[in-house]
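This report concerns only the one structure given below.
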Amino acid sequence: MNRSVAINKLSEQMGLTSRTLRHWESEGLFKSERDASSGWRMYDEHALLCIRITAMLRKMDIPLKDIQTVLVNKSVSHLSMAVKKKISDLHMKRVELARFQEQLEQVLGYLQSQETDCFSKVDAILTETEDIFMRNANGTSSVKIVTLPAMRVAYHTAVSSSPEEEAMAPVLEWTKSANLLGTARFLGGNVKPFPNESGSPYGYGMCVTIPDGVVVPEHLKEMVLPGGLFAMLESSDDITGSWKMLMKALKEDGIYKSDRSRLCLEEHIRNEKPDGSGNPFHLVLLEPVQAV
């Protein structure tokens with residue numbers, strides 16, 4: 001027998017205010033029904049489960065948009081993914097705090113090195129302090145650490161002197177025909193034989209993310225790309241130079257290092273400008289990393 005609970009009783013039982021429950025419902029996390037006699041909002045067993053999950057994840061400070069993903073997909077794997085993402089966010093905050101503390105210690109060291117306590121030197125002191133923060137800002141701020149989920153993908157590979165477009169073409173054509181273009185992510189990367197200075201033909205693979213239940217056509221292959229932590233950098237037109245910049249930033253970082261057990265990726269993000277007004281895609285470089 002389906003059990004329903006009125007909002008006032010549920011609020012009392014779970015220690016949640018009625019205002020909080022109404023807010024979560026307005027965000028689309030669950031639905032209530034009105035009791036005809038009392039006018040109270042009533043929650044059935046499915047809504048109660050959603051409320052319990054939401055309350056638990058909010059105690060972990062997980063955002064409502066991530067909780068909604070858990071509730072929509074109704075799987076333990078998505079629940080784990082939300083917690084893992086929060087752990088990654090906390091790690092990033094620790095990294096940012098450590099870098100900020102390092103900046104402050106540099107400033108303090110400079111101030112304590114001054115031979116005079118005369119405040120008339122404040123202009124020079126401020127200039128040097130600003131330079132300390134500027135040097136840090138110009139270091140690796142363009143490189144970000146992000147968490148990618150594991151992704152089911154369809155892919156195609158090509159080997160030639162310029163295989164990127166050859167690898168992309170059948171993947172993009174099928175994505176359009178399957179009406180997946182609006183939500184799909186395109187991720188590419190070099191495969192064997194790898195590029196070398198001789199200019200010999202090399203390999204490139206292009207993947208497109210696909211939801212569960214979509215059947216991959218015979219001319220494409222299927223696999224799961226492992227998720228995890230990645231160092232991300234938007235590429236300039238000089239892709240090779242951008243990769244060198246990313247790897248140099250990681251080498252100097254001291255907090256993360258490359259994780260060679262996973263593939264490095266280039267995400268091809270669609271340029272929404274009309275045809276003929278620029279490149280159809282711009283690139284974001286993704287290097288798998290792990291804590292040092």
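Every chain in the structure tokens takes a letter, A first, then B, and so on in the order presented; its residues are numbered from 1, and the ligands are numbered from 1 following the presented order.
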Can you list, as a ChimeraX atom specification, every protein, DNA or RNA residue that comes within 10 Å of range 23-37 of chain A when you count only C-alpha atoms, leaving out same-chain residues fewer than 3 positions away?
-> /A:4-7,17-20,40-44,46-51,54-55,64-65,67-72
Exercise: Val224 in chain A partners within 12 Å, only C-alpha atoms, chain neighbours under 6 positions left out, as a PyMOL selection string | chain A and resi 149-155+207-212+262-263
Extract the full set of strand (DSSP E) residues from range 8-241 of chain A according to DSSP on the backbone, and format it as JSON, numbers by chain.
-> {"A": [33, 34, 41, 42, 43, 144, 145, 146, 147, 148, 151, 152, 153, 154, 155, 156, 157, 158, 159, 160, 186, 187, 188, 189, 190, 191, 202, 203, 204, 205, 206, 207, 208, 209, 221, 222, 223, 224, 225, 228, 229, 230, 231, 232, 233, 234]}
Write out as a list in words each polymer residue whose atoms come within 8 Å of range 190-194 of chain A, counting only C-alpha atoms; drop sequence neighbours fewer than 4 positions from it.
-> Thr157, Val159, Pro201, Tyr202, Gly203, Tyr204 and Gly205 of chain A
Write the residues you've just listed into a file as a PDB file, in the first residue's frame, and include C-alpha atoms for each of them.
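Ended up saving to selection.pdb:
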ATOM      1  CA  THR A 157      40.049   6.072 -36.195  1.00  0.00           C
ATOM      2  CA  VAL A 159      45.654   7.051 -40.330  1.00  0.00           C
ATOM      3  CA  PRO A 201      51.259   9.278 -41.552  1.00  0.00           C
ATOM      4  CA  TYR A 202      49.895   9.082 -38.009  1.00  0.00           C
ATOM      5  CA  GLY A 203      46.724   7.930 -36.297  1.00  0.00           C
ATOM      6  CA  TYR A 204      43.877   9.893 -34.742  1.00  0.00           C
ATOM      7  CA  GLY A 205      40.699   8.682 -33.056  1.00  0.00           C
TER       8      GLY A 205
END
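The residue that comes closest to Glu252 in chain A, out of A:Leu233, A:Leu172, A:Val143, A:Ala167 and on the basis of only C-alpha atoms, is A:Val143.
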Could you state the separation of CA of Leu225 in chain A and CA of Gly199 in chain A in Å, given to one decimal place?
-> 28.6 Å
Secondary structure check, helix (DSSP H, G or I) residues of range 96-280 of chain A, as number ranges by chain = A: 96-112, 119-137, 163-177, 239-253
Tell me which protein, DNA and RNA residues are within 12 Å of Gly228 in chain A, counting only C-alpha atoms, leaving out same-chain ones fewer than 6 positions away, and put them as a VMD selection string.
-> chain A and resid 81 84 to 85 87 to 88 145 to 151 259 261 to 264 286 to 291
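Separating CA of Val83 in chain A from CA of Glu96 in chain A is a distance of 20.0 Å.
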Using CA of Met56 in chain A and CA of Met92 in chain A as the two end points, give the distance in Å to one decimal.
-> 22.4 Å
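Take the candidates A:Val292, A:Leu79, A:Leu126, A:Ile269 and check each one against Leu187 in chain A using only C-alpha atoms; the shortest distance goes to A:Ile269.
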Write out as a PyMOL selection string each polymer residue whose atoms come within 7 Å of Val284 in chain A, counting only C-alpha atoms; drop sequence neighbours fewer than 5 positions from it.
-> chain A and resi 232-235+266-268
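Using only C-alpha atoms for every distance, the candidate list A:Leu10, A:Ser200, A:Val215, A:Ser113 yields A:Ser200 as the residue closest to Ser160 in chain A.
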